[in-house]
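File shown: coords_5.cif (mmCIF, C-alpha atoms (C1' of nucleotides)).
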data_upload
loop_
_atom_site.label_atom_id
_atom_site.label_comp_id
_atom_site.auth_asym_id
_atom_site.auth_seq_id
_atom_site.Cartn_x
_atom_site.Cartn_y
_atom_site.Cartn_z
CA MET A 88 -74.75 -58.82 -114.47
CA GLY A 89 -73.44 -58.74 -118.00
CA ASN A 90 -75.02 -55.40 -118.75
CA THR A 91 -73.00 -52.37 -119.60
CA ALA A 92 -74.96 -49.92 -121.67
CA ALA A 93 -72.20 -49.83 -124.31
CA ASN A 94 -71.54 -46.22 -123.37
CA GLY A 95 -69.84 -47.44 -120.23
CA HIS A 96 -72.73 -46.75 -117.91
CA ILE A 97 -73.91 -49.35 -115.51
CA SER A 98 -77.36 -50.29 -114.35
CA GLU A 99 -78.57 -49.56 -110.84
CA GLU A 100 -79.03 -53.30 -110.43
CA CYS A 101 -75.32 -53.75 -111.08
CA LYS A 102 -74.37 -51.07 -108.57
CA ARG A 103 -76.55 -52.73 -105.95
CA HIS A 104 -74.78 -56.00 -106.73
CA PHE A 105 -71.37 -54.44 -106.12
CA LYS A 106 -72.46 -52.68 -102.95
CA ALA A 107 -73.87 -55.92 -101.62
CA ILE A 108 -70.51 -57.64 -102.06
CA ARG A 109 -68.89 -54.85 -100.09
CA ASP A 110 -71.56 -55.13 -97.36
CA THR A 111 -70.97 -58.84 -96.91
CA GLN A 112 -67.24 -58.35 -96.86
CA ASP A 113 -67.57 -55.65 -94.20
CA ILE A 114 -69.58 -57.89 -91.92
CA LEU A 115 -66.90 -60.55 -92.22
CA SER A 116 -64.11 -57.98 -92.03
CA GLY A 117 -60.90 -58.39 -90.10
CA LYS A 118 -58.40 -61.15 -90.03
CA TRP A 119 -60.43 -63.75 -88.20
CA LYS A 120 -64.19 -63.51 -88.69
CA MET A 121 -64.51 -65.78 -91.69
CA LEU A 122 -62.41 -68.42 -90.03
CA ILE A 123 -64.38 -68.18 -86.80
CA MET A 124 -67.63 -68.50 -88.70
CA GLY A 125 -66.24 -71.48 -90.56
CA ILE A 126 -65.25 -73.15 -87.33
CA LEU A 127 -68.57 -72.43 -85.64
CA GLY A 128 -70.20 -73.87 -88.74
CA SER A 129 -68.93 -77.24 -87.54
CA GLY A 130 -70.67 -76.89 -84.19
CA THR A 131 -70.86 -75.00 -80.91
CA ARG A 132 -67.56 -74.12 -79.30
CA ARG A 133 -66.43 -72.68 -76.00
CA TYR A 134 -64.17 -69.66 -75.74
CA LEU A 135 -60.90 -71.45 -75.06
CA GLU A 136 -61.81 -74.12 -77.56
CA LEU A 137 -62.03 -71.42 -80.19
CA GLN A 138 -58.78 -69.87 -79.06
CA ARG A 139 -57.07 -73.21 -79.60
CA LEU A 140 -58.69 -73.83 -82.97
CA VAL A 141 -57.99 -70.38 -84.34
CA LYS A 142 -54.24 -70.67 -84.45
CA GLY A 143 -52.43 -67.48 -83.64
CA ILE A 144 -55.33 -65.46 -82.28
CA GLY A 145 -55.01 -63.82 -78.88
CA PRO A 146 -57.76 -63.51 -76.29
CA LYS A 147 -58.27 -59.84 -77.08
CA MET A 148 -58.82 -60.34 -80.78
CA LEU A 149 -61.03 -63.36 -80.22
CA SER A 150 -63.42 -61.61 -77.88
CA LYS A 151 -63.49 -58.52 -80.08
CA GLU A 152 -64.33 -60.50 -83.19
CA LEU A 153 -66.94 -62.55 -81.35
CA GLN A 154 -68.57 -59.40 -80.01
CA GLU A 155 -68.82 -57.95 -83.49
CA LEU A 156 -70.29 -61.17 -84.85
CA GLU A 157 -72.79 -61.20 -82.00
CA ILE A 158 -73.80 -57.59 -82.64
CA ASN A 159 -74.52 -58.49 -86.25
CA GLY A 160 -76.67 -61.41 -85.14
CA LEU A 161 -74.47 -64.11 -86.66
CA VAL A 162 -73.36 -65.72 -83.43
CA SER A 163 -75.07 -66.26 -80.09
CA ARG A 164 -73.29 -66.24 -76.76
CA THR A 165 -74.60 -68.44 -73.95
CA VAL A 166 -73.19 -68.67 -70.46
CA MET A 167 -73.31 -72.31 -69.36
CA GLN A 168 -73.84 -73.17 -65.68
CA THR A 169 -70.90 -75.59 -65.52
CA LYS A 170 -68.31 -76.22 -62.78
CA PRO A 171 -66.14 -73.30 -63.84
CA LEU A 172 -68.41 -71.04 -65.89
CA THR A 173 -68.04 -71.67 -69.58
CA VAL A 174 -69.40 -69.71 -72.49
CA ALA A 175 -70.76 -71.41 -75.58
CA TYR A 176 -70.66 -69.72 -78.96
CA THR A 177 -73.01 -70.94 -81.68
CA LEU A 178 -74.09 -69.79 -85.10
CA THR A 179 -77.55 -68.27 -85.11
CA ASP A 180 -79.92 -69.29 -87.88
CA TYR A 181 -78.90 -66.10 -89.58
CA GLY A 182 -75.25 -67.00 -89.16
CA LYS A 183 -75.95 -70.38 -90.67
CA SER A 184 -77.16 -68.65 -93.81
CA LEU A 185 -73.50 -67.79 -94.44
CA LYS A 186 -72.46 -71.43 -94.28
CA PRO A 187 -72.85 -72.12 -98.01
CA ILE A 188 -70.51 -69.23 -98.76
CA LEU A 189 -67.92 -70.34 -96.24
CA ASP A 190 -68.16 -73.93 -97.46
CA ASP A 191 -67.70 -72.79 -101.04
CA MET A 192 -64.69 -70.77 -99.98
CA ALA A 193 -63.24 -73.81 -98.27
CA GLU A 194 -63.89 -75.91 -101.36
CA TRP A 195 -62.25 -73.34 -103.59
CA GLY A 196 -59.31 -73.03 -101.23
CA LYS A 197 -58.73 -76.78 -101.33
CA ASN A 198 -58.74 -76.82 -105.12
CA HIS A 199 -56.44 -73.85 -105.16
CA ARG A 200 -53.96 -75.55 -102.87
CA GLU A 201 -53.91 -78.60 -105.13
CA ARG A 202 -53.46 -76.38 -108.14
CA VAL A 203 -50.54 -74.53 -106.59
CA ILE A 204 -48.87 -77.81 -105.62
CA LYS A 205 -49.33 -79.13 -109.16
CA ASP A 206 -47.87 -75.93 -110.61
CA LEU A 207 -44.84 -76.25 -108.38
CA SER A 208 -44.14 -79.85 -109.39
CA ASN A 209 -44.77 -79.19 -113.11
CA GLN A 210 -42.54 -76.18 -113.15
CA MET B 279 -67.79 -81.01 -90.69
CA GLY B 280 -69.80 -81.85 -87.64
CA ASN B 281 -67.09 -84.03 -86.21
CA THR B 282 -65.44 -83.27 -82.95
CA ALA B 283 -64.12 -86.39 -81.30
CA ALA B 284 -65.95 -85.58 -78.05
CA ASN B 285 -62.55 -85.08 -76.38
CA GLY B 286 -62.28 -81.77 -78.19
CA HIS B 287 -59.93 -83.00 -80.85
CA ILE B 288 -60.61 -82.26 -84.44
CA SER B 289 -60.11 -84.32 -87.55
CA GLU B 290 -57.44 -83.49 -90.07
CA GLU B 291 -60.20 -83.08 -92.61
CA CYS B 292 -61.67 -80.32 -90.45
CA LYS B 293 -58.35 -78.57 -90.13
CA ARG B 294 -57.89 -78.65 -93.87
CA HIS B 295 -61.36 -77.15 -94.21
CA PHE B 296 -60.43 -74.26 -91.93
CA LYS B 297 -57.08 -73.66 -93.60
CA ALA B 298 -58.77 -73.59 -96.97
CA ILE B 299 -61.08 -70.80 -95.83
CA ARG B 300 -58.05 -68.82 -94.74
CA ASP B 301 -56.32 -69.48 -98.07
CA THR B 302 -59.26 -68.20 -100.08
CA GLN B 303 -59.57 -65.17 -97.85
CA ASP B 304 -55.87 -64.40 -98.31
CA ILE B 305 -56.13 -64.48 -102.06
CA LEU B 306 -59.02 -62.03 -101.90
CA SER B 307 -57.36 -60.02 -99.14
CA GLY B 308 -57.33 -56.27 -98.92
CA LYS B 309 -60.08 -53.76 -99.19
CA TRP B 310 -60.80 -54.02 -102.88
CA LYS B 311 -60.10 -57.44 -104.43
CA MET B 312 -63.50 -58.99 -103.86
CA LEU B 313 -65.21 -55.95 -105.29
CA ILE B 314 -62.89 -55.85 -108.30
CA MET B 315 -63.52 -59.53 -108.94
CA GLY B 316 -67.24 -58.91 -108.64
CA ILE B 317 -67.09 -56.10 -111.15
CA LEU B 318 -64.92 -58.04 -113.60
CA GLY B 319 -67.45 -60.85 -113.24
CA SER B 320 -69.80 -58.62 -115.21
CA GLY B 321 -67.38 -58.31 -118.10
CA THR B 322 -64.03 -56.98 -119.29
CA ARG B 323 -63.10 -53.51 -118.13
CA ARG B 324 -60.36 -51.02 -118.86
CA TYR B 325 -58.22 -49.48 -116.17
CA LEU B 326 -59.95 -46.12 -115.90
CA GLU B 327 -63.32 -47.81 -116.22
CA LEU B 328 -62.48 -49.84 -113.14
CA GLN B 329 -61.25 -46.78 -111.32
CA ARG B 330 -64.61 -45.14 -111.92
CA LEU B 331 -66.59 -48.20 -110.92
CA VAL B 332 -64.65 -48.91 -107.77
CA LYS B 333 -65.70 -45.82 -105.89
CA GLY B 334 -63.00 -44.38 -103.69
CA ILE B 335 -60.04 -46.34 -104.98
CA GLY B 336 -56.94 -44.48 -106.11
CA PRO B 337 -54.73 -45.41 -109.06
CA LYS B 338 -52.06 -46.84 -106.79
CA MET B 339 -54.34 -49.22 -104.96
CA LEU B 340 -56.07 -50.27 -108.14
CA SER B 341 -52.89 -51.23 -109.93
CA LYS B 342 -51.54 -52.98 -106.85
CA GLU B 343 -54.68 -55.05 -106.38
CA LEU B 344 -54.85 -55.89 -110.08
CA GLN B 345 -51.22 -57.01 -110.06
CA GLU B 346 -51.85 -59.31 -107.14
CA LEU B 347 -54.92 -60.76 -108.81
CA GLU B 348 -52.89 -61.27 -112.00
CA ILE B 349 -50.09 -63.02 -110.12
CA ASN B 350 -52.63 -65.42 -108.68
CA GLY B 351 -53.98 -66.14 -112.13
CA LEU B 352 -57.45 -64.75 -111.48
CA VAL B 353 -57.26 -61.83 -113.86
CA SER B 354 -55.59 -61.35 -117.21
CA ARG B 355 -54.14 -58.08 -118.43
CA THR B 356 -54.15 -57.32 -122.13
CA VAL B 357 -52.72 -54.23 -123.75
CA MET B 358 -55.03 -53.17 -126.57
CA GLN B 359 -53.61 -51.51 -129.66
CA THR B 360 -56.04 -48.62 -129.60
CA LYS B 361 -55.56 -44.90 -130.31
CA PRO B 362 -54.23 -44.13 -126.86
CA LEU B 363 -53.06 -47.47 -125.50
CA THR B 364 -55.69 -49.05 -123.29
CA VAL B 365 -55.43 -52.04 -121.04
CA ALA B 366 -58.21 -54.57 -120.70
CA TYR B 367 -58.68 -56.59 -117.54
CA THR B 368 -60.69 -59.80 -117.69
CA LEU B 369 -61.38 -62.71 -115.40
CA THR B 370 -59.46 -65.81 -116.39
CA ASP B 371 -61.31 -69.11 -116.40
CA TYR B 372 -59.80 -69.68 -113.01
CA GLY B 373 -61.01 -66.30 -111.83
CA LYS B 374 -64.48 -67.17 -113.09
CA SER B 375 -64.48 -70.14 -110.73
CA LEU B 376 -64.82 -67.59 -107.93
CA LYS B 377 -67.95 -66.09 -109.46
CA PRO B 378 -70.43 -68.32 -107.60
CA ILE B 379 -68.89 -67.24 -104.31
CA LEU B 380 -68.98 -63.57 -105.18
CA ASP B 381 -72.54 -63.89 -106.46
CA ASP B 382 -73.59 -65.63 -103.26
CA MET B 383 -71.95 -62.88 -101.27
CA ALA B 384 -73.84 -60.29 -103.27
CA GLU B 385 -77.08 -62.18 -102.74
CA TRP B 386 -76.47 -62.44 -99.01
CA GLY B 387 -75.55 -58.76 -98.83
CA LYS B 388 -78.81 -57.77 -100.50
CA ASN B 389 -80.85 -59.83 -98.05
CA HIS B 390 -78.86 -58.41 -95.19
CA ARG B 391 -79.54 -54.86 -96.29
CA GLU B 392 -83.28 -55.59 -96.44
CA ARG B 393 -83.11 -57.19 -93.03
CA VAL B 394 -81.35 -54.23 -91.49
CA ILE B 395 -83.87 -51.80 -93.00
CA LYS B 396 -86.75 -53.90 -91.65
CA ASP B 397 -85.16 -53.99 -88.20
CA LEU B 398 -84.82 -50.23 -88.21
CA SER B 399 -88.47 -49.63 -89.13
CA ASN B 400 -89.77 -52.29 -86.69
CA GLN B 401 -87.72 -50.97 -83.81
"C1'" DG C 212 -45.45 -27.29 -129.28
"C1'" DG C 213 -49.05 -27.32 -126.08
"C1'" DT C 214 -52.86 -29.80 -124.28
"C1'" DG C 215 -55.32 -34.11 -123.40
"C1'" DT C 216 -55.90 -39.03 -122.49
"C1'" DC C 217 -54.54 -43.37 -120.64
"C1'" DA C 218 -52.13 -46.20 -117.53
"C1'" DC C 219 -49.71 -46.26 -114.32
"C1'" DT C 220 -45.49 -45.22 -110.43
"C1'" DT C 221 -43.27 -42.79 -106.69
"C1'" DC C 222 -43.05 -40.35 -102.47
"C1'" DC C 223 -44.73 -38.98 -98.26
"C1'" DT C 224 -47.78 -39.55 -94.47
"C1'" DG C 225 -51.24 -41.18 -91.07
"C1'" DC C 226 -54.08 -44.12 -88.59
"C1'" DA C 227 -56.43 -48.02 -87.30
"C1'" DA C 228 -55.96 -52.97 -87.12
"C1'" DG C 229 -53.66 -56.01 -84.72
"C1'" DG C 230 -50.04 -58.22 -81.45
"C1'" DG C 231 -47.81 -59.02 -76.53
"C1'" DA C 232 -47.92 -59.11 -71.89
"C1'" DA C 233 -50.13 -58.64 -67.97
"C1'" DG C 234 -54.12 -58.17 -64.98
"C1'" DT C 235 -59.04 -59.21 -63.26
"C1'" DA C 236 -63.02 -61.78 -61.42
"C1'" DC C 237 -65.17 -65.90 -60.24
"C1'" DT C 238 -65.17 -70.62 -58.81
"C1'" DT C 239 -63.49 -75.06 -57.66
"C1'" DC C 240 -60.10 -78.33 -56.21
"C1'" DC C 241 -56.34 -79.86 -53.22
"C1'" DG D 213 -55.09 -70.46 -48.50
"C1'" DG D 214 -52.83 -71.31 -52.70
"C1'" DA D 215 -53.00 -73.09 -57.31
"C1'" DA D 216 -55.50 -73.79 -61.42
"C1'" DG D 217 -59.09 -73.16 -64.84
"C1'" DT D 218 -62.27 -70.21 -67.57
"C1'" DA D 219 -63.36 -66.00 -69.79
"C1'" DC D 220 -62.26 -62.25 -70.53
"C1'" DT D 221 -60.20 -56.76 -70.26
"C1'" DT D 222 -56.68 -53.20 -70.21
"C1'" DC D 223 -52.54 -50.97 -71.58
"C1'" DC D 224 -49.05 -50.12 -74.65
"C1'" DC D 225 -46.74 -50.44 -78.83
"C1'" DT D 226 -45.80 -51.60 -83.74
"C1'" DT D 227 -46.65 -52.48 -88.45
"C1'" DG D 228 -48.48 -52.26 -92.60
"C1'" DC D 229 -52.46 -51.04 -95.18
"C1'" DA D 230 -53.99 -47.45 -97.43
"C1'" DG D 231 -54.82 -42.49 -98.88
"C1'" DG D 232 -53.32 -37.93 -101.25
"C1'" DA D 233 -50.75 -35.56 -104.34
"C1'" DA D 234 -47.90 -35.34 -107.79
"C1'" DG D 235 -44.95 -37.12 -111.52
"C1'" DT D 236 -43.91 -40.12 -115.75
"C1'" DG D 237 -44.02 -41.74 -120.52
"C1'" DA D 238 -46.26 -42.83 -124.59
"C1'" DC D 239 -49.08 -41.35 -128.16
"C1'" DA D 240 -52.57 -38.37 -130.54
"C1'" DC D 241 -54.97 -34.41 -131.71
"C1'" DC D 242 -55.13 -29.49 -132.92
#
Go through the file and emit its structure as C-alpha cells.
Amino acid sequence: MGNTAANGHISEECKRHFKAIRDTQDILSGKWKMLIMGILGSGTRRYLELQRLVKGIGPKMLSKELQELEINGLVSRTVMQTKPLTVAYTLTDYGKSLKPILDDMAEWGKNHRERVIKDLSNQ
Amino acid sequence: MGNTAANGHISEECKRHFKAIRDTQDILSGKWKMLIMGILGSGTRRYLELQRLVKGIGPKMLSKELQELEINGLVSRTVMQTKPLTVAYTLTDYGKSLKPILDDMAEWGKNHRERVIKDLSNQ
DNA sequence: GGTGTCACTTCCTGCAAGGGAAGTACTTCC
DNA sequence: GGAAGTACTTCCCTTGCAGGAAGTGACACC
C-alpha cells in the first residue's frame, strides 16, 4: 500500500483497499454487531443468553442486529424443539472467517487497556 | 474462548475478551476513523490530501476525527514549515499496531465483494 | 491590495440510530 | 386458569452523529 505516485495520485489497488475497509465496517456497523460476533465466536447462544451477555442491549436492538447479521450470511438462526421454544444463534462458516479480525481486535483492546492503566499510574 | 460453564456462566477471561472488542471498536468509532487509519497506513498525508482521499468527508468531520485519533496516540500531527503552512498526519508506532487489523479488514472486504458479485450472477 | 492556498472552526440543521416501555404469541408448569 | 418463560414486535421519543455552508487567519504570490 505504500504507493503514492509522488504527484499525489493513488493507485486503483489502493482505492480498492480503502473501499474494502469501508465495506467490512458497514457489515459490522452499529453499536453491537462486532460484540455479538465476538460472543458468538465463543459458541452457539440462545436469544436470552445473548441479551444477558451483551450488557445494555434491549430486545429490539438485539433482534435487529441479529437479523442484519443473518441477512449477510454471518449468523444462522435455528429454532430448537425444546420445552419452551428456544432459538439458537451460531456463526456460519462465513461468519467464522471474521473471527481472526475480532480476536485481533480483542487482543489489541487488552493491550490498550494495559497501556492506558500504565499511563495513568506513570503520570 | 470456547468456555461456557455449562450452567450458562462465563469466565472472567471471556468477559475481558468481549470488553476488549468493545474498547477497540470505541477507539475506532465513528464513520471515518477506520478508513483514515487505513489510508494513513499507506503513508503520511497532509490535511487536504486526506480530505480528497476520504471521499465525502467534510473539513469539520476530518479535523474532529483526526483530533480524536491524536488524543488516543494513534496519529501524530506535525506542522511543516513549507510555503503555505501544511500539516502532516502520520501513524504513530502505536497506530501502526492497528495495521494488521485494518489490512485484514480490507482483505475480508475484498473477498466479500467478490462473493456478493458471484451470488448476484449465480442467482 | 486583491486573489489564492492551506488548515481549520463555527453555526445551523436534520435525520436516523438507538433507548424505554409495553404488548404479543406460544407453551408448559402448578 | 393463572403465572412464568422464551422470543420476539410495536410504538413513541430522544439524542447525538453528521452534513452544508460559510467564516477565519496566516502567509505568499502577482
Name the closest residue to chain D among the candidates A:Met124, A:Leu153, A:Leu172, A:Cys101; distances are taken between atoms, counting only C-alpha atoms (C1' of nucleotides).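 Using only C-alpha atoms (C1' of nucleotides), the shortest distance to chain D belongs to A:Leu172.
Atom to atom, atom CA of Ile349 of chain B and atom CA of Asp381 of chain B stand 22.8 Å apart.
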Using only C-alpha atoms (C1' of nucleotides), find the residues of chain A whose closest atom to chain C is at most 10 Å away, then write them as number ranges by chain. A: 117-118, 143-145, 147-148, 170-172
Run the PyMOL selection byres ((chain A) within 7 of (chain B)) against the file shown and list the residues it catches, as a ChimeraX atom specification. /A:88-89,104-105,107-111,122,125-126,129-130,188-189,191-193,195-197
Take the residues from that selection and write them out as a PDB file, in the frame of the given file, keeping C-alpha atoms.
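Contents of part-v7.pdb, freshly written:
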ATOM      1  CA  MET A  88     -74.750 -58.820-114.470  1.00  0.00           C
ATOM      2  CA  GLY A  89     -73.440 -58.740-118.000  1.00  0.00           C
ATOM      3  CA  HIS A 104     -74.780 -56.000-106.730  1.00  0.00           C
ATOM      4  CA  PHE A 105     -71.370 -54.440-106.120  1.00  0.00           C
ATOM      5  CA  ALA A 107     -73.870 -55.920-101.620  1.00  0.00           C
ATOM      6  CA  ILE A 108     -70.510 -57.640-102.060  1.00  0.00           C
ATOM      7  CA  ARG A 109     -68.890 -54.850-100.090  1.00  0.00           C
ATOM      8  CA  ASP A 110     -71.560 -55.130 -97.360  1.00  0.00           C
ATOM      9  CA  THR A 111     -70.970 -58.840 -96.910  1.00  0.00           C
ATOM     10  CA  LEU A 122     -62.410 -68.420 -90.030  1.00  0.00           C
ATOM     11  CA  GLY A 125     -66.240 -71.480 -90.560  1.00  0.00           C
ATOM     12  CA  ILE A 126     -65.250 -73.150 -87.330  1.00  0.00           C
ATOM     13  CA  SER A 129     -68.930 -77.240 -87.540  1.00  0.00           C
ATOM     14  CA  GLY A 130     -70.670 -76.890 -84.190  1.00  0.00           C
ATOM     15  CA  ILE A 188     -70.510 -69.230 -98.760  1.00  0.00           C
ATOM     16  CA  LEU A 189     -67.920 -70.340 -96.240  1.00  0.00           C
ATOM     17  CA  ASP A 191     -67.700 -72.790-101.040  1.00  0.00           C
ATOM     18  CA  MET A 192     -64.690 -70.770 -99.980  1.00  0.00           C
ATOM     19  CA  ALA A 193     -63.240 -73.810 -98.270  1.00  0.00           C
ATOM     20  CA  TRP A 195     -62.250 -73.340-103.590  1.00  0.00           C
ATOM     21  CA  GLY A 196     -59.310 -73.030-101.230  1.00  0.00           C
ATOM     22  CA  LYS A 197     -58.730 -76.780-101.330  1.00  0.00           C
TER      23      LYS A 197
END
Could you list, as a PyMOL selection string, the residues of chain D having an atom within 10 Å of chain A when counting all atoms listed in the file? chain D and resi 217-222
Moved chain A, fitted on chain B by every C-alpha in sequence order, as a short mmCIF file (atom, residue, chain, number, x, y, z; two decimals) with C-alpha atoms, in the coordinates of the input:
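The resulting out-v6.cif:
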data_model
loop_
_atom_site.label_atom_id
_atom_site.label_comp_id
_atom_site.auth_asym_id
_atom_site.auth_seq_id
_atom_site.Cartn_x
_atom_site.Cartn_y
_atom_site.Cartn_z
CA MET A 88 -67.79 -80.91 -90.68
CA GLY A 89 -69.86 -81.76 -87.65
CA ASN A 90 -67.19 -83.98 -86.17
CA THR A 91 -65.55 -83.24 -82.90
CA ALA A 92 -64.24 -86.36 -81.26
CA ALA A 93 -66.11 -85.53 -78.03
CA ASN A 94 -62.77 -85.03 -76.32
CA GLY A 95 -62.44 -81.73 -78.13
CA HIS A 96 -60.07 -82.96 -80.79
CA ILE A 97 -60.70 -82.23 -84.39
CA SER A 98 -60.18 -84.30 -87.48
CA GLU A 99 -57.48 -83.51 -90.00
CA GLU A 100 -60.25 -83.09 -92.56
CA CYS A 101 -61.70 -80.31 -90.41
CA LYS A 102 -58.34 -78.57 -90.08
CA ARG A 103 -57.89 -78.69 -93.84
CA HIS A 104 -61.35 -77.16 -94.18
CA PHE A 105 -60.41 -74.25 -91.92
CA LYS A 106 -57.06 -73.70 -93.60
CA ALA A 107 -58.74 -73.64 -96.98
CA ILE A 108 -61.06 -70.84 -95.85
CA ARG A 109 -58.03 -68.86 -94.75
CA ASP A 110 -56.28 -69.54 -98.09
CA THR A 111 -59.22 -68.24 -100.09
CA GLN A 112 -59.52 -65.21 -97.88
CA ASP A 113 -55.82 -64.45 -98.31
CA ILE A 114 -56.06 -64.52 -102.08
CA LEU A 115 -58.94 -62.07 -101.92
CA SER A 116 -57.27 -60.06 -99.16
CA GLY A 117 -57.21 -56.29 -98.94
CA LYS A 118 -59.94 -53.77 -99.17
CA TRP A 119 -60.71 -54.05 -102.85
CA LYS A 120 -60.03 -57.46 -104.39
CA MET A 121 -63.44 -59.00 -103.85
CA LEU A 122 -65.14 -55.96 -105.26
CA ILE A 123 -62.84 -55.87 -108.27
CA MET A 124 -63.47 -59.54 -108.93
CA GLY A 125 -67.19 -58.94 -108.61
CA ILE A 126 -67.04 -56.12 -111.10
CA LEU A 127 -64.90 -58.05 -113.56
CA GLY A 128 -67.41 -60.86 -113.19
CA SER A 129 -69.80 -58.64 -115.14
CA GLY A 130 -67.39 -58.31 -118.05
CA THR A 131 -64.05 -56.97 -119.25
CA ARG A 132 -63.12 -53.51 -118.06
CA ARG A 133 -60.40 -51.00 -118.82
CA TYR A 134 -58.22 -49.46 -116.15
CA LEU A 135 -59.98 -46.11 -115.84
CA GLU A 136 -63.33 -47.82 -116.15
CA LEU A 137 -62.46 -49.84 -113.09
CA GLN A 138 -61.22 -46.78 -111.25
CA ARG A 139 -64.60 -45.15 -111.82
CA LEU A 140 -66.58 -48.23 -110.83
CA VAL A 141 -64.61 -48.92 -107.68
CA LYS A 142 -65.64 -45.84 -105.78
CA GLY A 143 -62.94 -44.40 -103.61
CA ILE A 144 -59.98 -46.36 -104.93
CA GLY A 145 -56.89 -44.50 -106.07
CA PRO A 146 -54.71 -45.41 -109.04
CA LYS A 147 -52.01 -46.82 -106.80
CA MET A 148 -54.28 -49.21 -104.96
CA LEU A 149 -56.03 -50.27 -108.14
CA SER A 150 -52.88 -51.24 -109.97
CA LYS A 151 -51.49 -52.96 -106.89
CA GLU A 152 -54.60 -55.04 -106.40
CA LEU A 153 -54.80 -55.88 -110.09
CA GLN A 154 -51.17 -56.98 -110.11
CA GLU A 155 -51.78 -59.30 -107.19
CA LEU A 156 -54.86 -60.76 -108.84
CA GLU A 157 -52.88 -61.27 -112.03
CA ILE A 158 -50.05 -63.00 -110.18
CA ASN A 159 -52.57 -65.42 -108.71
CA GLY A 160 -53.96 -66.15 -112.16
CA LEU A 161 -57.42 -64.74 -111.48
CA VAL A 162 -57.25 -61.82 -113.87
CA SER A 163 -55.58 -61.34 -117.24
CA ARG A 164 -54.15 -58.06 -118.45
CA THR A 165 -54.21 -57.28 -122.17
CA VAL A 166 -52.82 -54.18 -123.81
CA MET A 167 -55.21 -53.12 -126.58
CA GLN A 168 -53.86 -51.43 -129.72
CA THR A 169 -56.35 -48.54 -129.59
CA LYS A 170 -55.92 -44.82 -130.34
CA PRO A 171 -54.51 -44.05 -126.91
CA LEU A 172 -53.29 -47.39 -125.54
CA THR A 173 -55.84 -48.99 -123.30
CA VAL A 174 -55.51 -52.00 -121.06
CA ALA A 175 -58.28 -54.54 -120.70
CA TYR A 176 -58.70 -56.55 -117.53
CA THR A 177 -60.69 -59.78 -117.67
CA LEU A 178 -61.35 -62.71 -115.39
CA THR A 179 -59.42 -65.80 -116.39
CA ASP A 180 -61.26 -69.11 -116.40
CA TYR A 181 -59.74 -69.68 -113.01
CA GLY A 182 -60.98 -66.30 -111.85
CA LYS A 183 -64.43 -67.18 -113.08
CA SER A 184 -64.43 -70.16 -110.74
CA LEU A 185 -64.78 -67.61 -107.92
CA LYS A 186 -67.90 -66.11 -109.46
CA PRO A 187 -70.37 -68.35 -107.62
CA ILE A 188 -68.85 -67.27 -104.32
CA LEU A 189 -68.94 -63.59 -105.19
CA ASP A 190 -72.50 -63.91 -106.48
CA ASP A 191 -73.55 -65.65 -103.29
CA MET A 192 -71.92 -62.90 -101.28
CA ALA A 193 -73.80 -60.30 -103.29
CA GLU A 194 -77.04 -62.20 -102.77
CA TRP A 195 -76.43 -62.45 -99.05
CA GLY A 196 -75.50 -58.79 -98.86
CA LYS A 197 -78.76 -57.79 -100.53
CA ASN A 198 -80.81 -59.86 -98.10
CA HIS A 199 -78.83 -58.43 -95.23
CA ARG A 200 -79.51 -54.88 -96.33
CA GLU A 201 -83.23 -55.60 -96.50
CA ARG A 202 -83.09 -57.21 -93.10
CA VAL A 203 -81.32 -54.24 -91.55
CA ILE A 204 -83.83 -51.83 -93.09
CA LYS A 205 -86.71 -53.93 -91.75
CA ASP A 206 -85.13 -54.01 -88.29
CA LEU A 207 -84.81 -50.25 -88.31
CA SER A 208 -88.45 -49.67 -89.25
CA ASN A 209 -89.76 -52.31 -86.80
CA GLN A 210 -87.74 -50.95 -83.96
#
Give me, as a list in words, all polymer residues having an atom no more than 6 Å from Val162 of chain A, counting all atoms listed in the file and skipping those fewer than 3 positions away in the same chain. Leu156, Glu157, Thr177, Leu178 and Thr179 of chain A
Atom CA of Ile395 of chain B to atom CA of Arg164 of chain A, distance in Å rounded to a single decimal: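 Atom CA of Ile395 of chain B sits 24.2 Å away from atom CA of Arg164 of chain A.
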What gap, in Å, lies between atom CA of Tyr176 of chain A and atom CA of Ser399 of chain B?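 Those two atoms sit 28.7 Å apart.
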